[in-house]
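Before any comments, here is the structure.
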Amino acid sequence: MPSHNLPWLVLQLADSAFPVGGFAHSAGLEAALQLCEIADSPESLSQFCSELIHQTGHAALPFVNGAYSEPSAFSQLDRRCDAFLSNHVANRASRVQGRAFLQTCCRSFALAELEALDRAARDQQLCRHFAPIFGAVCETLNVGLEQTRQLFMFMTVRGAISAAVRLNAIGSYAAQQLQISLIPLMDRMLDETAHLRADDASQTAPLLDLFQMSHDRLYSRLFQS
């Protein structure tokens with residue numbers, strides 16, 4: 001894809017109308033609210049999002065980095081990501097979003113390289129987890145690594161804050177204030193995790209993992225995870 005199209009391409013990928021399916025997931029927020037483990041207040045939601053940012057930086061971005069830097073190792077990275085995501089709800093959400101992202105990009109951009117990636121993943125019966133898929137696809141689209149990592153972090157946090165709004169845990173204006181207040185932490189986390197690869201992936205927010213894991217046992221659910 002021509003480099004002069006990159007600013008528009010990044011905006012398109014970040015657009016909430018790009019059908020990746022991220023808005024169907026709350027990253028454990030719905031369960032945390034129903035279990036009364038966090039309050040429906042900006043301060044409590046800010047703490048939840050801060051933990052999510054740390055978890056994204058240490059658990060997901062290493063796979064984004066690896067798939068972007070070593071496209072030939074995608075199969076190995078996808079299998080390692082599947083083993084790393086021992087939480088069945090998070091694992092399922094990652095597979096659903098990864099497959100949706102790859103299919104949407106294949107149909108939207110019609111690039112032979114993306115079709116080849118999709119075909120190889122199907123032939124090898126890979127899970128197609130979101131983080132390695134995201135890194136591999138953005139590398140194919142010639143999106144810079146820094147922009148790729150920033151975009152992944154933004155989409156993760158934006159999705160959780162959007163879920164909070166739809167769960168009536170925070171108002172729309174307060175949600176925007178919360179998102180902009182998290183920018184320094186997101187920038188710091190991007191800097192701290194720039195060197196990490198799949199071997200460095202770690203779970204830094206075990207409570208978030210437990211919240212996600214309990215999602216299927218909720219009496220009523222708006223989100224898939």
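Residue names in the structure tokens use chain letters A, B, ... in the order shown, residue numbers from 1 in each chain, and ligand numbers from 1 in the order shown.
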
Checklist entry - What lies within 12 Å of Leu11 (chain A) using only C-alpha atoms, ignoring chain neighbours under 6 positions off, as a ChimeraX atom specification? => result /A:5,17-18,143,147-148,151,154-155

Checklist entry - Which of these residues is nearest to Ser108 (chain A), using only C-alpha atoms: A:Gln176, A:Val157, A:Ile38, A:Leu141? => result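 Using only C-alpha atoms, the shortest distance to Ser108 (chain A) belongs to A:Leu141.
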
Item to check | Separation of CA of Ala198 (chain A) from CA of Ala60 (chain A), in Å and rounded to one decimal | outcome: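 These two atoms are separated by 8.7 Å.
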
Checklist entry - So which residues touch region 72-81 of chain A within 12 Å, counting only C-alpha atoms, skipping near sequence neighbours fewer than 6 positions away, as a ChimeraX atom specification? => result /A:59-66,87,90-92,94-95,98-99,117-118,120-137,139-140,197-202

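Closest approach to Ala175 (chain A) from the set A:Thr156, A:Ser26, A:Gln34, A:Ser162 is made by A:Ser162, with distances taken over only C-alpha atoms.
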
Item to check | 12 Å contact set for region 204-206 of chain A, only C-alpha atoms, chain neighbours under 4 positions out, as a ChimeraX atom specification | outcome: /A:27-28,47-60,86-87,200,210-213

Checklist entry - Leaving out Cys106 (chain A) and any residue of its chain fewer than 3 positions from it, which residues lie within 10 Å of it when counting only C-alpha atoms, given as a list in words? => result Ala100, Phe101, Leu102, Gln103, Phe109, Ala110, Leu111, Ala112, Glu113, Leu114, Glu115, Ala116, Leu117, Asp118 and Val137 of chain A

Residues from the last selection, N, CA and C atoms, saved as a short mmCIF file (atom, residue, chain, number, x, y, z; two decimals), in the first residue's frame:
data_model
loop_
_atom_site.label_atom_id
_atom_site.label_comp_id
_atom_site.auth_asym_id
_atom_site.auth_seq_id
_atom_site.Cartn_x
_atom_site.Cartn_y
_atom_site.Cartn_z
N ALA A 100 -11.78 -11.68 12.79
CA ALA A 100 -12.59 -10.60 12.23
C ALA A 100 -11.70 -9.51 11.63
N PHE A 101 -10.61 -9.18 12.32
CA PHE A 101 -9.70 -8.15 11.82
C PHE A 101 -9.05 -8.57 10.50
N LEU A 102 -8.59 -9.80 10.45
CA LEU A 102 -7.94 -10.28 9.23
C LEU A 102 -8.92 -10.34 8.07
N GLN A 103 -10.11 -10.85 8.31
CA GLN A 103 -11.10 -10.93 7.24
C GLN A 103 -11.53 -9.55 6.75
N PHE A 109 -9.03 -4.15 1.70
CA PHE A 109 -7.84 -3.68 1.00
C PHE A 109 -7.44 -4.55 -0.18
N ALA A 110 -7.98 -5.77 -0.25
CA ALA A 110 -7.77 -6.65 -1.42
C ALA A 110 -6.29 -6.75 -1.81
N LEU A 111 -5.45 -7.06 -0.86
CA LEU A 111 -4.02 -7.23 -1.12
C LEU A 111 -3.69 -8.72 -1.17
N ALA A 112 -2.87 -9.11 -2.14
CA ALA A 112 -2.49 -10.52 -2.27
C ALA A 112 -1.75 -11.02 -1.04
N GLU A 113 -0.95 -10.15 -0.41
CA GLU A 113 -0.20 -10.56 0.77
C GLU A 113 -1.12 -10.91 1.94
N LEU A 114 -2.20 -10.14 2.09
CA LEU A 114 -3.15 -10.44 3.16
C LEU A 114 -3.91 -11.73 2.87
N GLU A 115 -4.25 -11.93 1.61
CA GLU A 115 -4.93 -13.17 1.23
C GLU A 115 -4.02 -14.37 1.49
N ALA A 116 -2.74 -14.21 1.23
CA ALA A 116 -1.78 -15.29 1.47
C ALA A 116 -1.67 -15.58 2.96
N LEU A 117 -1.66 -14.53 3.79
CA LEU A 117 -1.60 -14.72 5.23
C LEU A 117 -2.84 -15.46 5.73
N ASP A 118 -3.99 -15.06 5.25
CA ASP A 118 -5.24 -15.72 5.65
C ASP A 118 -5.25 -17.18 5.20
N VAL A 137 -0.59 -7.95 10.08
CA VAL A 137 -1.37 -7.20 9.09
C VAL A 137 -0.84 -5.78 8.94
#

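You can rank A:Arg107, A:Ser41, A:Ile161, A:Arg221 by their closest distance to Leu182 (chain A) using only C-alpha atoms, and at the top of that list sits A:Ile161.
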
Checklist entry - Please, which residues of region 78-158 of chain A, numbered as in this document, come out alpha helix (DSSP H) from DSSP, as a PyMOL selection string? => result chain A and resi 78-84+88-109+112-123+130-140+145-158
